[in-house]
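So this one's query_4.txt, compact mmCIF, N, CA and C atoms:
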```
# COMPACT_ATOMS: atom_id res chain seq x y z
N MET A 1 152.74 79.02 112.60
CA MET A 1 152.85 78.18 113.76
C MET A 1 152.64 78.96 115.03
N ASP A 2 153.16 80.18 115.11
CA ASP A 2 153.01 81.00 116.31
C ASP A 2 151.55 81.34 116.59
N GLU A 3 150.78 81.54 115.53
CA GLU A 3 149.37 81.87 115.70
C GLU A 3 148.61 80.74 116.39
N VAL A 4 148.91 79.51 116.04
CA VAL A 4 148.24 78.36 116.64
C VAL A 4 148.56 78.29 118.13
N VAL A 5 149.83 78.50 118.48
CA VAL A 5 150.25 78.47 119.88
C VAL A 5 149.55 79.60 120.64
N THR A 6 149.53 80.80 120.09
CA THR A 6 148.88 81.92 120.75
C THR A 6 147.39 81.66 120.92
N GLU A 7 146.74 81.15 119.87
CA GLU A 7 145.33 80.85 119.95
C GLU A 7 145.07 79.78 121.00
N HIS A 8 145.91 78.77 121.04
CA HIS A 8 145.75 77.70 122.02
C HIS A 8 145.88 78.24 123.44
N ARG A 9 146.86 79.10 123.69
CA ARG A 9 147.06 79.68 125.01
C ARG A 9 145.87 80.54 125.41
N THR A 10 145.34 81.32 124.48
CA THR A 10 144.17 82.16 124.77
C THR A 10 142.98 81.29 125.13
N THR A 11 142.77 80.22 124.39
CA THR A 11 141.67 79.30 124.68
C THR A 11 141.85 78.67 126.06
N ASP A 12 143.08 78.30 126.40
CA ASP A 12 143.35 77.72 127.72
C ASP A 12 143.01 78.72 128.83
N ILE A 13 143.37 79.96 128.62
CA ILE A 13 143.09 80.99 129.63
C ILE A 13 141.59 81.17 129.80
N VAL A 14 140.86 81.24 128.70
CA VAL A 14 139.40 81.39 128.76
C VAL A 14 138.77 80.18 129.45
N ASP A 15 139.19 78.99 129.08
CA ASP A 15 138.65 77.78 129.71
C ASP A 15 138.95 77.76 131.20
N HIS A 16 140.17 78.14 131.56
CA HIS A 16 140.55 78.15 132.98
C HIS A 16 139.73 79.19 133.74
N THR A 17 139.53 80.36 133.15
CA THR A 17 138.75 81.42 133.79
C THR A 17 137.32 80.96 134.01
N GLU A 18 136.71 80.34 133.02
CA GLU A 18 135.35 79.83 133.17
C GLU A 18 135.27 78.77 134.26
N GLN A 19 136.27 77.92 134.33
CA GLN A 19 136.30 76.88 135.36
C GLN A 19 136.41 77.51 136.75
N VAL A 20 137.28 78.50 136.89
CA VAL A 20 137.45 79.17 138.19
C VAL A 20 136.16 79.88 138.59
N MET A 21 135.50 80.55 137.67
CA MET A 21 134.26 81.25 137.99
C MET A 21 133.15 80.27 138.37
N THR A 22 133.09 79.14 137.68
CA THR A 22 132.10 78.11 138.01
C THR A 22 132.34 77.57 139.41
N GLU A 23 133.60 77.33 139.74
CA GLU A 23 133.94 76.85 141.08
C GLU A 23 133.63 77.91 142.14
N PHE A 24 133.90 79.17 141.81
CA PHE A 24 133.61 80.27 142.73
C PHE A 24 132.11 80.33 143.04
N VAL A 25 131.29 80.27 142.02
CA VAL A 25 129.83 80.32 142.21
C VAL A 25 129.36 79.11 143.01
N ALA A 26 129.92 77.95 142.75
CA ALA A 26 129.54 76.75 143.50
C ALA A 26 129.88 76.91 144.98
N GLU A 27 131.05 77.44 145.29
CA GLU A 27 131.43 77.67 146.69
C GLU A 27 130.56 78.76 147.31
N LEU A 28 130.30 79.81 146.57
CA LEU A 28 129.48 80.91 147.05
C LEU A 28 128.06 80.44 147.39
N SER A 29 127.57 79.47 146.67
CA SER A 29 126.20 78.98 146.90
C SER A 29 126.03 78.36 148.29
N HIS A 30 127.13 78.03 148.95
CA HIS A 30 127.08 77.46 150.30
C HIS A 30 127.21 78.53 151.38
N LEU A 31 127.21 79.80 150.98
CA LEU A 31 127.34 80.92 151.92
C LEU A 31 126.12 81.84 151.76
N PRO A 32 124.96 81.42 152.26
CA PRO A 32 123.73 82.19 152.01
C PRO A 32 123.77 83.62 152.53
N ALA A 33 124.45 83.86 153.65
CA ALA A 33 124.51 85.23 154.17
C ALA A 33 125.32 86.14 153.24
N VAL A 34 126.39 85.60 152.66
CA VAL A 34 127.21 86.37 151.73
C VAL A 34 126.43 86.65 150.45
N VAL A 35 125.73 85.64 149.95
CA VAL A 35 124.93 85.81 148.74
C VAL A 35 123.83 86.86 148.97
N ALA A 36 123.16 86.79 150.11
CA ALA A 36 122.11 87.77 150.42
C ALA A 36 122.68 89.18 150.48
N LYS A 37 123.86 89.32 151.06
CA LYS A 37 124.51 90.64 151.15
C LYS A 37 124.88 91.16 149.76
N LEU A 38 125.43 90.30 148.92
CA LEU A 38 125.76 90.71 147.55
C LEU A 38 124.51 91.11 146.78
N LEU A 39 123.45 90.33 146.91
CA LEU A 39 122.19 90.65 146.23
C LEU A 39 121.65 91.99 146.69
N ALA A 40 121.76 92.26 147.98
CA ALA A 40 121.25 93.52 148.52
C ALA A 40 122.10 94.71 148.11
N ASP A 41 123.41 94.55 148.17
CA ASP A 41 124.31 95.67 147.91
C ASP A 41 124.49 96.01 146.43
N HIS A 42 124.25 95.07 145.56
CA HIS A 42 124.53 95.29 144.14
C HIS A 42 123.27 95.41 143.28
N THR A 43 122.19 95.88 143.87
CA THR A 43 120.96 96.11 143.11
C THR A 43 121.12 97.37 142.26
N PRO A 44 120.42 97.44 141.14
CA PRO A 44 120.52 98.63 140.31
C PRO A 44 119.77 99.81 140.91
N ASP A 45 120.28 101.01 140.63
CA ASP A 45 119.57 102.21 141.05
C ASP A 45 118.52 102.55 139.97
N ALA A 46 117.85 103.67 140.13
CA ALA A 46 116.81 104.06 139.18
C ALA A 46 117.37 104.26 137.76
N GLY A 47 118.65 104.57 137.65
CA GLY A 47 119.27 104.78 136.35
C GLY A 47 119.83 103.52 135.72
N GLY A 48 119.67 102.37 136.42
CA GLY A 48 120.13 101.10 135.87
C GLY A 48 121.59 100.79 136.14
N ARG A 49 122.19 101.48 137.11
CA ARG A 49 123.60 101.23 137.44
C ARG A 49 123.70 100.59 138.82
N CYS A 50 124.75 99.79 139.01
CA CYS A 50 124.98 99.13 140.29
C CYS A 50 125.17 100.20 141.36
N ARG A 51 124.56 99.99 142.52
CA ARG A 51 124.68 100.95 143.61
C ARG A 51 126.05 100.92 144.27
N THR A 52 126.82 99.87 144.04
CA THR A 52 128.08 99.68 144.76
C THR A 52 129.31 99.74 143.87
N CYS A 53 129.26 99.15 142.68
CA CYS A 53 130.45 99.02 141.83
C CYS A 53 130.74 100.31 141.06
N HIS A 54 131.99 100.71 141.12
CA HIS A 54 132.44 101.91 140.40
C HIS A 54 133.41 101.53 139.31
N ILE A 55 133.42 102.31 138.24
CA ILE A 55 134.36 102.11 137.14
C ILE A 55 135.75 102.47 137.66
N ALA A 56 136.74 101.68 137.28
CA ALA A 56 138.10 101.82 137.82
C ALA A 56 138.68 103.23 137.64
N ASP A 57 138.34 103.91 136.57
CA ASP A 57 138.93 105.23 136.35
C ASP A 57 138.17 106.34 137.10
N GLY A 58 137.16 105.95 137.88
CA GLY A 58 136.43 106.92 138.68
C GLY A 58 135.37 107.70 137.93
N SER A 59 135.06 107.28 136.71
CA SER A 59 134.13 108.05 135.88
C SER A 59 132.66 107.75 136.18
N GLY A 60 132.37 106.89 137.11
CA GLY A 60 130.98 106.60 137.45
C GLY A 60 130.80 105.17 137.91
N ARG A 61 129.57 104.71 137.88
CA ARG A 61 129.25 103.35 138.31
C ARG A 61 128.96 102.47 137.11
N VAL A 62 129.19 101.16 137.28
CA VAL A 62 128.99 100.21 136.18
C VAL A 62 127.51 99.92 135.99
N TRP A 63 127.15 99.50 134.79
CA TRP A 63 125.78 99.11 134.49
C TRP A 63 125.42 97.86 135.26
N SER A 64 124.18 97.77 135.65
CA SER A 64 123.70 96.58 136.33
C SER A 64 123.06 95.66 135.30
N PRO A 65 123.19 94.38 135.44
CA PRO A 65 123.80 93.68 136.55
C PRO A 65 125.33 93.67 136.44
N CYS A 66 125.98 93.99 137.56
CA CYS A 66 127.44 93.92 137.62
C CYS A 66 127.85 92.46 137.76
N ARG A 67 129.13 92.20 137.70
CA ARG A 67 129.61 90.82 137.80
C ARG A 67 129.25 90.18 139.13
N LEU A 68 129.38 90.95 140.22
CA LEU A 68 129.07 90.37 141.53
C LEU A 68 127.59 90.02 141.66
N LEU A 69 126.72 90.84 141.08
CA LEU A 69 125.30 90.52 141.11
C LEU A 69 125.03 89.26 140.30
N ARG A 70 125.67 89.13 139.16
CA ARG A 70 125.50 87.91 138.34
C ARG A 70 125.98 86.67 139.09
N PHE A 71 127.13 86.79 139.76
CA PHE A 71 127.64 85.66 140.55
C PHE A 71 126.67 85.32 141.67
N ALA A 72 126.16 86.33 142.35
CA ALA A 72 125.24 86.09 143.47
C ALA A 72 123.94 85.46 142.98
N GLU A 73 123.42 85.91 141.85
CA GLU A 73 122.20 85.32 141.30
C GLU A 73 122.43 83.86 140.90
N ALA A 74 123.59 83.57 140.31
CA ALA A 74 123.91 82.19 139.94
C ALA A 74 124.07 81.33 141.18
N ALA A 75 124.71 81.87 142.23
CA ALA A 75 124.88 81.13 143.48
C ALA A 75 123.54 80.88 144.15
N ARG A 76 122.64 81.87 144.11
CA ARG A 76 121.31 81.68 144.70
C ARG A 76 120.58 80.54 144.00
N ALA A 77 120.73 80.45 142.68
CA ALA A 77 120.06 79.39 141.93
C ALA A 77 120.61 78.01 142.30
N LEU A 78 121.89 77.94 142.66
CA LEU A 78 122.52 76.67 143.03
C LEU A 78 122.38 76.33 144.52
N SER A 79 122.03 77.32 145.32
CA SER A 79 122.06 77.15 146.78
C SER A 79 121.10 76.06 147.27
N PRO A 80 121.59 75.25 148.21
CA PRO A 80 120.72 74.21 148.79
C PRO A 80 119.67 74.78 149.75
N VAL A 81 119.80 76.05 150.12
CA VAL A 81 118.83 76.70 151.01
C VAL A 81 118.27 77.94 150.32
N ALA A 82 117.09 78.35 150.74
CA ALA A 82 116.49 79.56 150.17
C ALA A 82 117.27 80.78 150.65
N ILE A 83 117.59 81.66 149.73
CA ILE A 83 118.32 82.89 150.07
C ILE A 83 117.40 84.07 149.81
N VAL A 84 117.15 84.82 150.86
CA VAL A 84 116.27 85.98 150.77
C VAL A 84 117.03 87.19 151.28
N GLU A 85 116.88 88.29 150.57
CA GLU A 85 117.52 89.53 151.02
C GLU A 85 116.85 89.99 152.31
N PRO A 86 117.62 90.54 153.26
CA PRO A 86 116.99 91.08 154.46
C PRO A 86 116.08 92.25 154.09
N PRO A 87 114.95 92.43 154.78
CA PRO A 87 114.01 93.50 154.42
C PRO A 87 114.65 94.88 154.35
N SER A 88 115.60 95.18 155.22
CA SER A 88 116.21 96.51 155.22
C SER A 88 117.11 96.73 154.02
N ALA A 89 117.47 95.66 153.32
CA ALA A 89 118.38 95.78 152.18
C ALA A 89 117.67 95.71 150.84
N ARG A 90 116.39 95.46 150.84
CA ARG A 90 115.68 95.34 149.56
C ARG A 90 115.60 96.69 148.87
N ARG A 91 115.39 96.64 147.56
CA ARG A 91 115.32 97.86 146.77
C ARG A 91 114.30 98.82 147.36
N GLY A 92 114.70 100.08 147.37
CA GLY A 92 113.81 101.11 147.88
C GLY A 92 113.90 101.29 149.39
N HIS A 93 114.65 100.43 150.05
CA HIS A 93 114.82 100.55 151.48
C HIS A 93 116.29 100.81 151.76
N SER A 94 116.56 101.90 152.38
CA SER A 94 117.94 102.24 152.67
C SER A 94 118.14 102.32 154.16
N ARG A 95 119.29 101.88 154.62
CA ARG A 95 119.59 102.02 156.04
C ARG A 95 119.65 103.48 156.41
N ARG A 96 120.06 104.30 155.46
CA ARG A 96 120.13 105.73 155.74
C ARG A 96 118.77 106.31 156.06
N SER A 97 117.72 105.78 155.45
CA SER A 97 116.38 106.31 155.70
C SER A 97 115.92 106.01 157.12
N ALA A 98 116.55 105.02 157.76
CA ALA A 98 116.17 104.68 159.12
C ALA A 98 116.85 105.58 160.14
N VAL A 99 117.85 106.35 159.70
CA VAL A 99 118.54 107.26 160.61
C VAL A 99 117.66 108.47 160.86
N ARG A 100 117.53 108.83 162.12
CA ARG A 100 116.68 109.96 162.49
C ARG A 100 117.28 111.26 162.00
N SER A 101 116.46 112.08 161.40
CA SER A 101 116.88 113.38 160.91
C SER A 101 117.22 114.28 162.09
N PRO A 102 118.27 115.10 161.97
CA PRO A 102 118.60 116.04 163.06
C PRO A 102 117.53 117.10 163.24
N HIS A 103 116.64 117.23 162.25
CA HIS A 103 115.57 118.23 162.33
C HIS A 103 114.28 117.67 162.90
N ALA A 104 114.25 116.37 163.14
CA ALA A 104 113.04 115.74 163.69
C ALA A 104 112.94 116.09 165.18
N PRO A 105 111.71 116.20 165.69
CA PRO A 105 111.56 116.50 167.11
C PRO A 105 112.17 115.40 167.97
N ASN A 106 112.76 115.79 169.07
CA ASN A 106 113.37 114.84 169.98
C ASN A 106 112.28 114.17 170.80
N THR A 107 112.12 112.86 170.59
CA THR A 107 111.08 112.12 171.31
C THR A 107 111.65 111.31 172.45
N ALA A 108 112.96 111.40 172.65
CA ALA A 108 113.58 110.65 173.75
C ALA A 108 113.19 111.29 175.08
N SER A 109 113.01 110.45 176.08
CA SER A 109 112.63 110.97 177.40
C SER A 109 113.81 111.68 178.04
N ALA A 110 113.51 112.71 178.78
CA ALA A 110 114.56 113.49 179.47
C ALA A 110 115.06 112.70 180.67
N ARG A 111 116.34 112.80 180.94
CA ARG A 111 116.92 112.08 182.08
C ARG A 111 116.93 112.91 183.30
```

Rendering of file as structure tokens:
Amino acid sequence: MDEVVTEHRTTDIVDHTEQVMTEFVAELSHLPAVVAKLLADHTPDAGGRCRTCHIADGSGRVWSPCRLLRFAEAARALSPVAIVEPPSARRGHSRRSAVRSPHAPNTASAR
């Protein structure tokens, strides 16, 4: 008898979790700027790992697609508006690359 109760409770938890995640994605689909940011920040690196998500024990980064990327992709599919990543956030483009190197010649005009 205890096994049936335990199994029933586990099924309830799984069903509730799926319902909450479905509702989360539906709400997220109405926030195109948030979805675009998640899509940009959680792209895989050359090694196939999320650029943002780290494993809780500090041993490295999680494999891509991470959960947030999956949620963002699902939200983009549901979104009533087109969601496009900003050009500076697309793969291969880093904000850091736009920062001027300290070794580059100074092209600013003298005051």

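Our summary of the geometry notes that CA of Asp12 (chain A) is positioned 17.0 Å from atom N of Phe24 (chain A).
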
remark   = CA of Glu23 (chain A) sits from CA of Leu38 (chain A) at a separation of 17.3 Å

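Rounded to one decimal, atom C of Ser29 (chain A) and CA of Ser79 (chain A) lie 4.4 Å from each other.
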
task = Rank nothing, just name the residue among A:Cys66, A:Ala75, A:Leu39, A:Cys53 nearest to Glu27 (chain A), using all atoms listed in the file.
result = A:Ala75

inquiry  = Counting only C-alpha atoms, which residues sit no farther than 10 Å from the position (126.1, 81.9, 139.2) in the file's frame? I'd like them as a PyMOL selection string.
reply    = chain A and resi 21-26+28-29+67-79

key: DSSP-assigned strand (DSSP E) members of region 20-86 of chain A, reported as a list in words   = Arg49, Cys50, Arg51, Thr52, Cys53, His54, Arg61, Val62 and Trp63 of chain A

inquiry  = as number ranges by chain, please: the residues near Thr43 (chain A) (cut-off 8 Å, only C-alpha atoms, same-chain neighbours under 2 positions excluded).
reply    = A: 39-41, 45, 50-51, 64-65, 69, 91

ask   = What would the list of residues within 6.5 Å of (121.3, 85.0, 154.5) (file frame) look like as a PyMOL selection string, if all atoms listed in the file are what count?
value = chain A and resi 31-37+83-84

To test the calculation: enclose all listed atoms of region 14-28 of chain A in a box whose edges run along x, y and z, add 4 Å on each side, then state centre and edge lengths in Å to one decimal, as AutoDock Vina command-line options.
```
--center_x 134.5 --center_y 79.1 --center_z 138.0 --size_x 20.8 --size_y 12.7 --size_z 26.7
```
